[in-house]
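What's in structure32.txt: compact mmCIF, C-alpha atoms
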```txt
# COMPACT_ATOMS: atom_id res chain seq x y z
CA MET A 1 40.40 -14.18 10.84
CA LEU A 2 41.74 -10.77 11.90
CA PRO A 3 39.23 -7.95 11.93
CA ASP A 4 39.84 -5.10 9.43
CA SER A 5 38.74 -2.51 11.94
CA THR A 6 35.66 -1.82 14.03
CA LEU A 7 32.27 -0.33 13.26
CA GLN A 8 29.79 1.59 15.39
CA VAL A 9 26.40 -0.03 15.76
CA ARG A 10 23.25 1.49 17.25
CA VAL A 11 20.73 -1.15 18.23
CA TRP A 12 17.18 -0.59 19.44
CA ARG A 13 16.65 -1.87 22.98
CA SER A 14 13.19 -1.81 24.43
CA ASP A 15 12.37 -1.18 28.07
CA PRO A 16 11.84 -4.36 30.10
CA GLY A 17 8.23 -5.44 29.80
CA ASN A 18 7.30 -2.67 27.38
CA GLY A 19 8.32 -3.12 23.79
CA ALA A 20 6.75 0.16 22.74
CA VAL A 21 9.37 2.36 24.43
CA GLY A 22 13.13 2.21 24.52
CA ALA A 23 16.32 3.69 23.18
CA PHE A 24 19.25 2.95 20.93
CA GLN A 25 22.26 1.34 22.56
CA GLU A 26 25.74 1.77 21.08
CA PHE A 27 28.15 -1.08 20.44
CA GLU A 28 31.55 -1.33 18.83
CA VAL A 29 31.80 -4.42 16.66
CA PRO A 30 34.88 -5.87 14.89
CA ARG A 31 34.66 -5.59 11.14
CA TYR A 32 35.26 -8.54 8.83
CA PRO A 33 35.24 -8.96 5.05
CA SER A 34 31.84 -10.03 3.64
CA GLN A 35 30.21 -9.37 7.01
CA THR A 36 26.42 -9.20 7.03
CA VAL A 37 24.21 -7.21 9.37
CA LEU A 38 23.03 -10.52 10.85
CA ASP A 39 26.68 -11.33 11.63
CA VAL A 40 26.85 -8.03 13.48
CA VAL A 41 23.70 -8.66 15.53
CA THR A 42 24.85 -12.20 16.30
CA HIS A 43 28.24 -10.95 17.46
CA ILE A 44 26.60 -8.42 19.78
CA GLN A 45 24.35 -11.05 21.33
CA ARG A 46 27.09 -13.66 21.74
CA ALA A 47 30.07 -11.56 22.74
CA LEU A 48 28.79 -8.24 24.06
CA ASP A 49 25.25 -8.41 25.43
CA PRO A 50 23.44 -11.75 25.74
CA THR A 51 20.17 -10.01 26.67
CA LEU A 52 19.65 -8.77 23.08
CA ALA A 53 16.57 -10.39 21.54
CA TYR A 54 16.39 -10.97 17.78
CA ARG A 55 15.06 -13.49 15.26
CA PHE A 56 16.81 -15.48 12.57
CA ALA A 57 16.66 -19.01 11.20
CA CYS A 58 18.26 -20.09 7.93
CA ARG A 59 20.80 -17.20 7.74
CA VAL A 60 21.10 -17.84 3.99
CA GLY A 61 18.34 -15.64 2.54
CA MET A 62 15.53 -18.16 2.29
CA CYS A 63 13.25 -17.87 5.29
CA GLY A 64 12.80 -14.13 5.85
CA SER A 65 12.97 -14.45 9.67
CA CYS A 66 15.86 -12.01 10.08
CA ALA A 67 14.02 -9.00 8.65
CA MET A 68 14.85 -5.79 10.55
CA THR A 69 15.13 -2.07 9.90
CA VAL A 70 18.68 -1.18 8.87
CA ASN A 71 19.45 2.55 8.56
CA GLY A 72 15.74 3.19 8.22
CA VAL A 73 15.13 0.55 5.53
CA PRO A 74 13.48 -2.86 6.07
CA ARG A 75 15.81 -5.61 4.92
CA TRP A 76 16.81 -9.25 5.41
CA THR A 77 19.85 -8.78 7.62
CA CYS A 78 21.46 -12.04 6.49
CA ARG A 79 21.38 -10.74 2.93
CA THR A 80 22.64 -7.26 3.75
CA HIS A 81 26.37 -6.78 3.53
CA VAL A 82 27.66 -4.27 6.05
CA ASP A 83 29.74 -2.43 3.44
CA LYS A 84 26.61 -1.85 1.35
CA VAL A 85 24.79 0.02 4.13
CA LEU A 86 27.54 1.51 6.28
CA GLU A 87 27.14 5.28 6.73
CA LYS A 88 30.19 7.03 8.21
CA ASN A 89 31.27 3.76 9.79
CA GLN A 90 27.92 3.38 11.55
CA ILE A 91 24.77 1.28 11.19
CA THR A 92 21.50 1.68 13.01
CA ILE A 93 19.44 -1.47 13.55
CA GLY A 94 15.86 -1.53 14.73
CA PRO A 95 12.79 -3.77 14.65
CA LEU A 96 10.50 -3.82 11.58
CA ARG A 97 8.22 -0.79 11.31
CA ASN A 98 4.42 -1.05 11.49
CA LEU A 99 4.42 -4.00 13.87
CA PRO A 100 4.22 -4.00 17.68
CA VAL A 101 7.58 -4.62 19.32
CA ILE A 102 7.78 -7.57 21.70
CA ARG A 103 11.36 -6.90 22.72
CA ASP A 104 14.38 -5.22 21.13
CA LEU A 105 14.47 -6.39 17.49
CA VAL A 106 11.58 -8.85 17.75
CA THR A 107 8.13 -7.85 16.51
CA ASP A 108 4.68 -9.36 16.99
CA MET A 109 3.66 -10.54 13.54
CA ARG A 110 0.13 -11.60 14.39
CA GLU A 111 -1.60 -8.62 12.75
CA PHE A 112 0.39 -9.27 9.55
CA PHE A 113 -0.99 -12.81 9.34
CA ASP A 114 -4.45 -11.84 10.58
CA LYS A 115 -4.72 -9.43 7.66
CA TRP A 116 -3.60 -12.20 5.34
CA ALA A 117 -6.55 -14.25 6.59
CA ARG A 118 -8.92 -11.25 6.32
CA ALA A 119 -7.92 -10.87 2.67
CA LYS A 120 -8.99 -14.51 2.21
CA GLY A 121 -5.40 -15.55 1.54
CA GLN A 122 -6.20 -19.27 1.55
CA PHE A 123 -6.61 -21.52 -1.46
CA ARG A 124 -10.11 -22.87 -2.01
CA GLY A 125 -10.56 -25.33 -4.84
CA ALA A 126 -13.73 -27.11 -5.90
CA ALA A 127 -12.21 -30.41 -7.04
CA THR A 128 -12.15 -33.62 -4.98
CA ARG A 129 -9.82 -36.64 -4.93
CA LYS A 130 -12.18 -38.28 -7.43
CA ASP A 131 -11.50 -35.60 -10.05
CA ASP A 132 -8.57 -35.69 -12.42
CA PHE A 133 -5.60 -33.38 -11.82
CA ALA A 134 -6.12 -29.80 -12.83
CA LYS A 135 -4.18 -29.03 -15.98
CA VAL A 136 -2.52 -25.70 -15.36
CA SER A 137 -0.35 -24.44 -18.17
CA PRO A 138 2.58 -22.36 -16.90
CA LEU A 139 2.36 -20.43 -20.16
CA SER A 140 -1.20 -19.20 -19.70
CA GLU A 141 -1.60 -15.48 -19.02
CA SER A 142 -3.23 -16.03 -15.64
CA ARG A 143 -0.60 -18.53 -14.50
CA LYS A 144 2.21 -16.15 -15.43
CA GLN A 145 0.55 -13.54 -13.27
CA VAL A 146 0.25 -16.00 -10.38
CA ASP A 147 3.85 -17.15 -10.77
CA ALA A 148 5.06 -13.54 -10.60
CA GLY A 149 3.65 -13.24 -7.09
CA ILE A 150 3.61 -16.77 -5.71
CA GLU A 151 7.05 -16.85 -4.07
CA CYS A 152 6.07 -14.70 -1.11
CA ILE A 153 7.28 -16.18 2.19
CA GLY A 154 5.56 -13.73 4.49
CA CYS A 155 8.62 -11.91 5.80
CA ALA A 156 6.75 -8.58 6.30
CA VAL A 157 9.44 -6.42 4.69
CA CYS A 158 6.83 -4.99 2.30
CA TYR A 159 4.38 -4.46 5.16
CA SER A 160 7.11 -2.60 6.98
CA ALA A 161 8.02 -0.50 3.96
CA CYS A 162 4.43 0.53 3.24
CA ASP A 163 3.46 4.10 4.17
CA VAL A 164 -0.26 3.37 3.88
CA VAL A 165 0.08 0.60 6.47
CA ALA A 166 1.72 3.20 8.72
CA TRP A 167 -1.07 5.73 8.10
CA ASN A 168 -4.11 3.43 8.05
CA ARG A 169 -4.09 0.73 10.71
CA ASP A 170 -6.85 -1.22 8.96
CA TYR A 171 -5.11 -1.41 5.57
CA LEU A 172 -4.57 -5.07 4.68
CA GLY A 173 -1.13 -4.40 3.29
CA PRO A 174 0.87 -5.45 0.24
CA ALA A 175 1.58 -9.08 1.17
CA ALA A 176 -2.02 -9.99 1.98
CA LEU A 177 -3.29 -8.27 -1.16
CA ASN A 178 -0.60 -9.85 -3.30
CA ARG A 179 -1.63 -13.28 -2.02
CA ALA A 180 -5.29 -12.49 -2.69
CA TRP A 181 -4.30 -11.59 -6.26
CA THR A 182 -2.41 -14.85 -6.84
CA LEU A 183 -5.40 -16.84 -5.61
CA LEU A 184 -7.84 -14.82 -7.67
CA ARG A 185 -5.88 -15.56 -10.83
CA ASP A 186 -5.53 -19.25 -9.98
CA GLN A 187 -7.69 -21.11 -12.48
CA ARG A 188 -8.58 -23.72 -9.83
CA ASP A 189 -9.94 -21.11 -7.43
CA SER A 190 -13.61 -21.31 -6.50
CA ALA A 191 -13.95 -18.30 -4.18
CA ARG A 192 -13.72 -15.38 -6.61
CA LEU A 193 -16.60 -13.28 -5.29
CA GLU A 194 -15.62 -13.76 -1.67
CA ARG A 195 -12.06 -12.69 -2.44
CA LEU A 196 -13.17 -9.60 -4.34
CA ARG A 197 -15.45 -8.59 -1.48
CA ALA A 198 -12.64 -9.12 1.04
CA VAL A 199 -10.29 -6.74 -0.77
CA ALA A 200 -12.76 -4.14 -2.02
CA GLY A 201 -13.46 -2.13 1.12
CA ASP A 202 -11.75 0.80 2.84
CA ALA A 203 -9.07 -1.53 4.15
CA GLY A 204 -8.53 -3.10 0.76
CA CYS A 205 -6.70 -2.51 -2.46
CA HIS A 206 -8.23 0.91 -3.16
CA SER A 207 -6.24 2.41 -0.31
CA CYS A 208 -2.99 1.67 -2.13
CA HIS A 209 -1.41 4.90 -3.35
CA THR A 210 1.08 3.18 -5.65
CA HIS A 211 4.13 4.47 -3.79
CA MET A 212 5.76 1.14 -4.69
CA SER A 213 7.87 0.91 -1.56
CA CYS A 214 6.77 -2.72 -1.31
CA THR A 215 8.02 -3.51 -4.80
CA GLU A 216 11.24 -1.63 -4.16
CA ARG A 217 12.02 -3.55 -0.97
CA CYS A 218 10.71 -7.07 -1.63
CA PRO A 219 13.68 -9.43 -1.25
CA LYS A 220 11.99 -11.95 -3.57
CA GLY A 221 11.54 -9.44 -6.39
CA ILE A 222 7.75 -9.58 -6.19
CA SER A 223 5.71 -6.56 -7.18
CA PRO A 224 2.72 -6.34 -4.84
CA THR A 225 1.89 -3.05 -6.57
CA ALA A 226 1.22 -4.94 -9.79
CA GLY A 227 -1.01 -7.43 -7.97
CA ILE A 228 -2.89 -4.63 -6.26
CA ALA A 229 -3.38 -2.84 -9.58
CA GLY A 230 -4.76 -6.12 -10.89
CA LEU A 231 -7.17 -6.34 -7.98
CA LYS A 232 -8.41 -2.80 -8.67
CA GLN A 233 -9.08 -3.75 -12.28
CA GLU A 234 -10.83 -6.99 -11.33
CA ILE A 235 -13.10 -5.17 -8.92
CA ALA A 236 -13.95 -2.53 -11.52
CA ARG A 237 -14.74 -5.28 -13.99
CA ALA A 238 -16.92 -7.11 -11.49
CA VAL A 239 -18.84 -3.95 -10.64
CA LEU A 240 -19.43 -3.14 -14.30
CA HIS A 241 -20.71 -6.67 -14.88
CA GLY A 242 -23.04 -6.30 -11.94
CA VAL A 243 -21.61 -9.21 -9.95
CA LEU A 244 -20.17 -7.16 -7.11
CA MET B 1 -16.04 2.47 -7.11
CA MET B 2 -17.90 5.78 -6.97
CA GLN B 3 -14.50 7.40 -6.82
CA ARG B 4 -13.44 5.74 -10.06
CA ALA B 5 -16.72 6.44 -11.82
CA SER B 6 -16.72 10.10 -10.79
CA ALA B 7 -13.04 10.32 -11.76
CA ALA B 8 -13.86 9.10 -15.24
CA VAL B 9 -16.62 11.69 -15.56
CA LEU B 10 -14.31 14.42 -14.23
CA ALA B 11 -11.56 13.47 -16.67
CA LEU B 12 -14.00 13.98 -19.52
CA CYS B 13 -15.47 17.18 -18.09
CA VAL B 14 -12.07 18.72 -17.41
CA ALA B 15 -10.86 17.87 -20.91
CA VAL B 16 -13.93 19.45 -22.52
CA HIS B 17 -13.73 22.44 -20.18
CA LEU B 18 -10.08 23.14 -20.99
CA ALA B 19 -10.50 22.59 -24.71
CA THR B 20 -13.47 24.97 -24.77
CA ILE B 21 -11.62 27.64 -22.83
CA ILE B 22 -8.56 27.43 -25.04
CA TYR B 23 -10.70 27.61 -28.14
CA ALA B 24 -12.88 30.43 -26.83
CA VAL B 25 -10.04 32.75 -25.71
CA GLN B 26 -8.45 32.88 -29.16
CA ASP B 27 -8.43 36.55 -30.24
CA GLY B 28 -9.31 37.75 -26.73
CA LEU B 29 -12.54 37.46 -24.79
CA THR B 30 -14.66 39.69 -22.54
CA ALA B 31 -16.96 38.62 -19.73
CA ALA B 32 -19.92 39.99 -21.68
CA GLU B 33 -18.95 37.87 -24.70
CA ILE B 34 -18.72 34.74 -22.55
CA LEU B 35 -22.09 35.30 -20.92
CA GLY B 36 -23.61 36.07 -24.27
CA ARG B 37 -22.71 32.55 -25.41
CA THR B 38 -23.45 30.67 -22.21
CA ARG B 39 -26.65 32.17 -20.89
CA GLY B 40 -29.72 30.22 -21.87
CA SER B 41 -27.79 27.22 -23.14
CA ALA B 42 -29.52 24.10 -21.86
CA ALA B 43 -26.80 21.80 -23.17
CA TRP B 44 -23.97 23.62 -21.40
CA PHE B 45 -26.12 23.92 -18.28
CA ALA B 46 -26.54 20.15 -18.26
CA PHE B 47 -22.86 19.54 -18.95
CA TYR B 48 -21.65 21.76 -16.15
CA SER B 49 -24.27 20.37 -13.75
CA LEU B 50 -22.79 16.95 -14.43
CA PHE B 51 -19.36 18.42 -13.70
CA VAL B 52 -20.60 19.71 -10.34
CA LEU B 53 -22.17 16.34 -9.52
CA ALA B 54 -18.96 14.48 -10.29
CA ALA B 55 -16.90 16.91 -8.18
CA THR B 56 -19.41 16.63 -5.32
CA ILE B 57 -18.89 12.87 -5.25
CA HIS B 58 -15.18 12.75 -5.97
CA ALA B 59 -13.65 15.43 -3.73
CA PRO B 60 -15.16 14.31 -0.39
CA ILE B 61 -14.23 10.66 -0.96
CA GLY B 62 -10.63 11.67 -1.67
CA LEU B 63 -10.55 14.03 1.29
CA ARG B 64 -11.91 11.24 3.49
CA ALA B 65 -8.86 9.09 2.77
CA ALA B 66 -6.48 12.02 3.30
CA LEU B 67 -8.07 13.01 6.62
CA GLY B 68 -7.89 9.43 7.83
CA GLU B 69 -4.25 9.03 6.86
CA TRP B 70 -2.88 12.38 7.99
CA LEU B 71 -5.01 13.26 11.00
CA GLY B 72 -6.11 9.78 12.06
CA TRP B 73 -9.69 11.05 11.86
CA ARG B 74 -12.19 8.20 11.47
CA GLY B 75 -15.76 7.34 12.30
CA ARG B 76 -19.08 9.12 12.10
CA SER B 77 -17.77 12.62 12.77
CA ARG B 78 -15.50 12.47 9.76
CA ASP B 79 -18.27 11.21 7.49
CA PHE B 80 -20.61 13.89 8.80
CA ALA B 81 -18.05 16.65 8.19
CA LEU B 82 -17.54 15.35 4.66
CA LEU B 83 -21.27 15.35 4.03
CA ILE B 84 -21.32 19.04 4.94
CA PHE B 85 -18.31 19.57 2.66
CA ALA B 86 -20.10 17.78 -0.19
CA MET B 87 -23.17 19.94 0.25
CA LEU B 88 -20.93 23.02 0.20
CA ILE B 89 -19.35 21.97 -3.10
CA ALA B 90 -22.75 21.17 -4.58
CA TRP B 91 -24.12 24.54 -3.50
CA MET B 92 -21.13 26.57 -4.68
CA GLY B 93 -21.00 24.65 -7.96
CA MET B 94 -24.66 24.98 -8.83
CA HIS B 95 -24.61 28.62 -7.78
CA ALA B 96 -21.94 29.21 -10.40
CA VAL B 97 -23.66 27.07 -13.02
CA VAL B 98 -26.92 28.96 -12.58
CA ALA B 99 -25.12 32.29 -12.73
CA VAL B 100 -23.36 31.45 -15.97
CA PHE B 101 -25.76 29.19 -17.84
CA ALA B 102 -29.30 29.89 -16.67
```
Mind converting the file's structure to structure tokens?
Amino acid sequence: MLPDSTLQVRVWRSDPGNGAVGAFQEFEVPRYPSQTVLDVVTHIQRALDPTLAYRFACRVGMCGSCAMTVNGVPRWTCRTHVDKVLEKNQITIGPLRNLPVIRDLVTDMREFFDKWARAKGQFRGAATRKDDFAKVSPLSESRKQVDAGIECIGCAVCYSACDVVAWNRDYLGPAALNRAWTLLRDQRDSARLERLRAVAGDAGCHSCHTHMSCTERCPKGISPTAGIAGLKQEIARAVLHGVL
Amino acid sequence: MMQRASAAVLALCVAVHLATIIYAVQDGLTAAEILGRTRGSAAWFAFYSLFVLAATIHAPIGLRAALGEWLGWRGRSRDFALLIFAMLIAWMGMHAVVAVFA
């Protein structure tokens, strides 16, 4: 396929051995119809500079591995068409914000998942194999709330978009809190008090300022803001009932 | 939690405060007229003392978050500074309440 023209791409390259410092490197990339930003990064690595480090997996908008900062906005690069984000024939690509950089476009996601664990983002039921199946109606109010937030795949776009995460290094972040919310509203859950305690401190839901950057940027259409608002209400309720 | 509770109290206090002011300034108002109504009123004294208490709790907690986020200030020194700030608000507030309602 013949290229339509070329585009200018600025890509973050970190210094060898030190992901925290670096500079943008310029590339000229052939333009194609329906080209995605992931196509651009892939072209650079295969044809122009094989030392470029980046992550991807499914390349069809399902896994979230290809999340990067494109013109200042965290996005899935496989789901970002170049013509949607091009600014004066140029795109700037960098690693996700709020995470340590390992190299170039690759970030260390450990703190993202550690916070998920700190928010008690793990299911804990009380039933055993001897009990009957739990009957969970998809039409119940609580299940609808869970379903609205359950599709999170942990891509860290929301974490990257969040200003409070940038300003408060302890803040658990939208994804972890959203997961805590979905577990809290799960009728099979047996760890309610523990979950509320995990998200009630300085690092928890009360630090959310409702900027809604997470909701704006979530590629799965989840609203962590809604879940966090729910957590705030649940905590208030628990305090008023004297259980927290 | 204290932030929410004090916010609820403040919402009420501010609403009453504004409504009272708007009502009271109809047809003009002098300082002497105001003090004539407020001095010696135990009910208003109590109300405004509650207002001061709510502000003393609410403002430092809010400032704590802002200082942490904008200046990266954390730890004991921040909490100590905010305690001083809280005491300042309490003192200034009660000073005014006593002047107007006692």
Margin query: Select, as a PyMOL selection string, those residues of chain B with any atom no more than 12 Å from chain A (distances computed using all atoms listed in the file).
Written below: chain B and resi 1-5+61-62+64-74
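Distance annotation: of A:Ser190, A:Ser14, A:Thr215, A:Ser160, the residue with the minimal separation from Val106 (chain A) is A:Ser14; atom set is all atoms listed in the file.
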message: Would you pick out the contacts of region 179-187 of chain A at 9 Å or less, using all atoms listed in the file, so that residues sharing its chain but fewer than 4 positions from it are not included, and give the list as a ChimeraX atom specification?
response: /A:116,119-124,134,136,142-143,145-150,152,174-175,191-192,195-196,198-199,224,227-228,230-231
Between A:Pro33, A:Gly17, A:Pro74, A:Gly125, smallest distance to Tyr159 (chain A) by all atoms listed in the file belongs to A:Pro74
Review point. Could you name the residues that touch Leu96 (chain A) at 10 Å or less, counting all atoms listed in the file, but leaving out those on the same chain fewer than 5 positions away, as a count of residues only?
Key: 20
note - CA of Ser65 (chain A) and CA of Val37 (chain A) are separated by 13.4 Å
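As for CA of Phe133 (chain A) and CA of Asn178 (chain A), they are spaced 25.5 Å apart.
Taking CA of Arg37 (chain B) as the reference point, CA of Thr56 (chain B) is found at 25.8 Å.
Excluding Asn18 (chain A) and any residue on its chain fewer than 6 positions from it, the residues at most 10 Å away by all atoms listed in the file are Val101, Ile102, Arg103 and Asp104 of chain A.
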Write a file of the just-selected residues containing C-alpha atoms, as a PDB file, keeping the file's coordinate frame.
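The resulting again_20.pdb:
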```
ATOM      1  CA  VAL A 101       7.580  -4.620  19.320  1.00  0.00           C
ATOM      2  CA  ILE A 102       7.780  -7.570  21.700  1.00  0.00           C
ATOM      3  CA  ARG A 103      11.360  -6.900  22.720  1.00  0.00           C
ATOM      4  CA  ASP A 104      14.380  -5.220  21.130  1.00  0.00           C
TER       5      ASP A 104
END
```
Using only the atoms of region 93-103 of chain A listed in the file, plus 8 Å on each side, state the axis-aligned box centre and edge lengths in Å rounded to one decimal, as AutoDock Vina command-line options.
```
--center_x 11.8 --center_y -4.2 --center_z 17.0 --size_x 31.2 --size_y 22.8 --size_z 27.4
```
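With all atoms listed in the file as the atoms that count, the residue of A:Arg79, A:Lys84, A:Lys115, A:Lys144 with the shortest distance to Arg59 (chain A) is A:Arg79.
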Ser213 (chain A) surroundings by all atoms listed in the file, 9 Å radius, close-in-sequence under 2 positions cut, as a ChimeraX atom specification: /A:158,161-163,210-211,215-218,225
**Message:** Set the distance at 9 Å and use all atoms listed in the file: which residues neighbour Val9 (chain B) once local chain neighbours fewer than 3 positions away are removed? I'd like the list as a list of chain:residue names.
**Reply:** B:Arg4, B:Ala5, B:Ser6, B:Leu12, B:Cys13, B:Val14, B:Leu50, B:Phe51, B:Ala54
Write out the residues from the selection above, keeping C-alpha atoms, as a CSV table (one decimal), in the frame of the given file.
```
chain,number,residue,atom,x,y,z
B,4,ARG,CA,-13.4,5.7,-10.1
B,5,ALA,CA,-16.7,6.4,-11.8
B,6,SER,CA,-16.7,10.1,-10.8
B,12,LEU,CA,-14.0,14.0,-19.5
B,13,CYS,CA,-15.5,17.2,-18.1
B,14,VAL,CA,-12.1,18.7,-17.4
B,50,LEU,CA,-22.8,17.0,-14.4
B,51,PHE,CA,-19.4,18.4,-13.7
B,54,ALA,CA,-19.0,14.5,-10.3
```
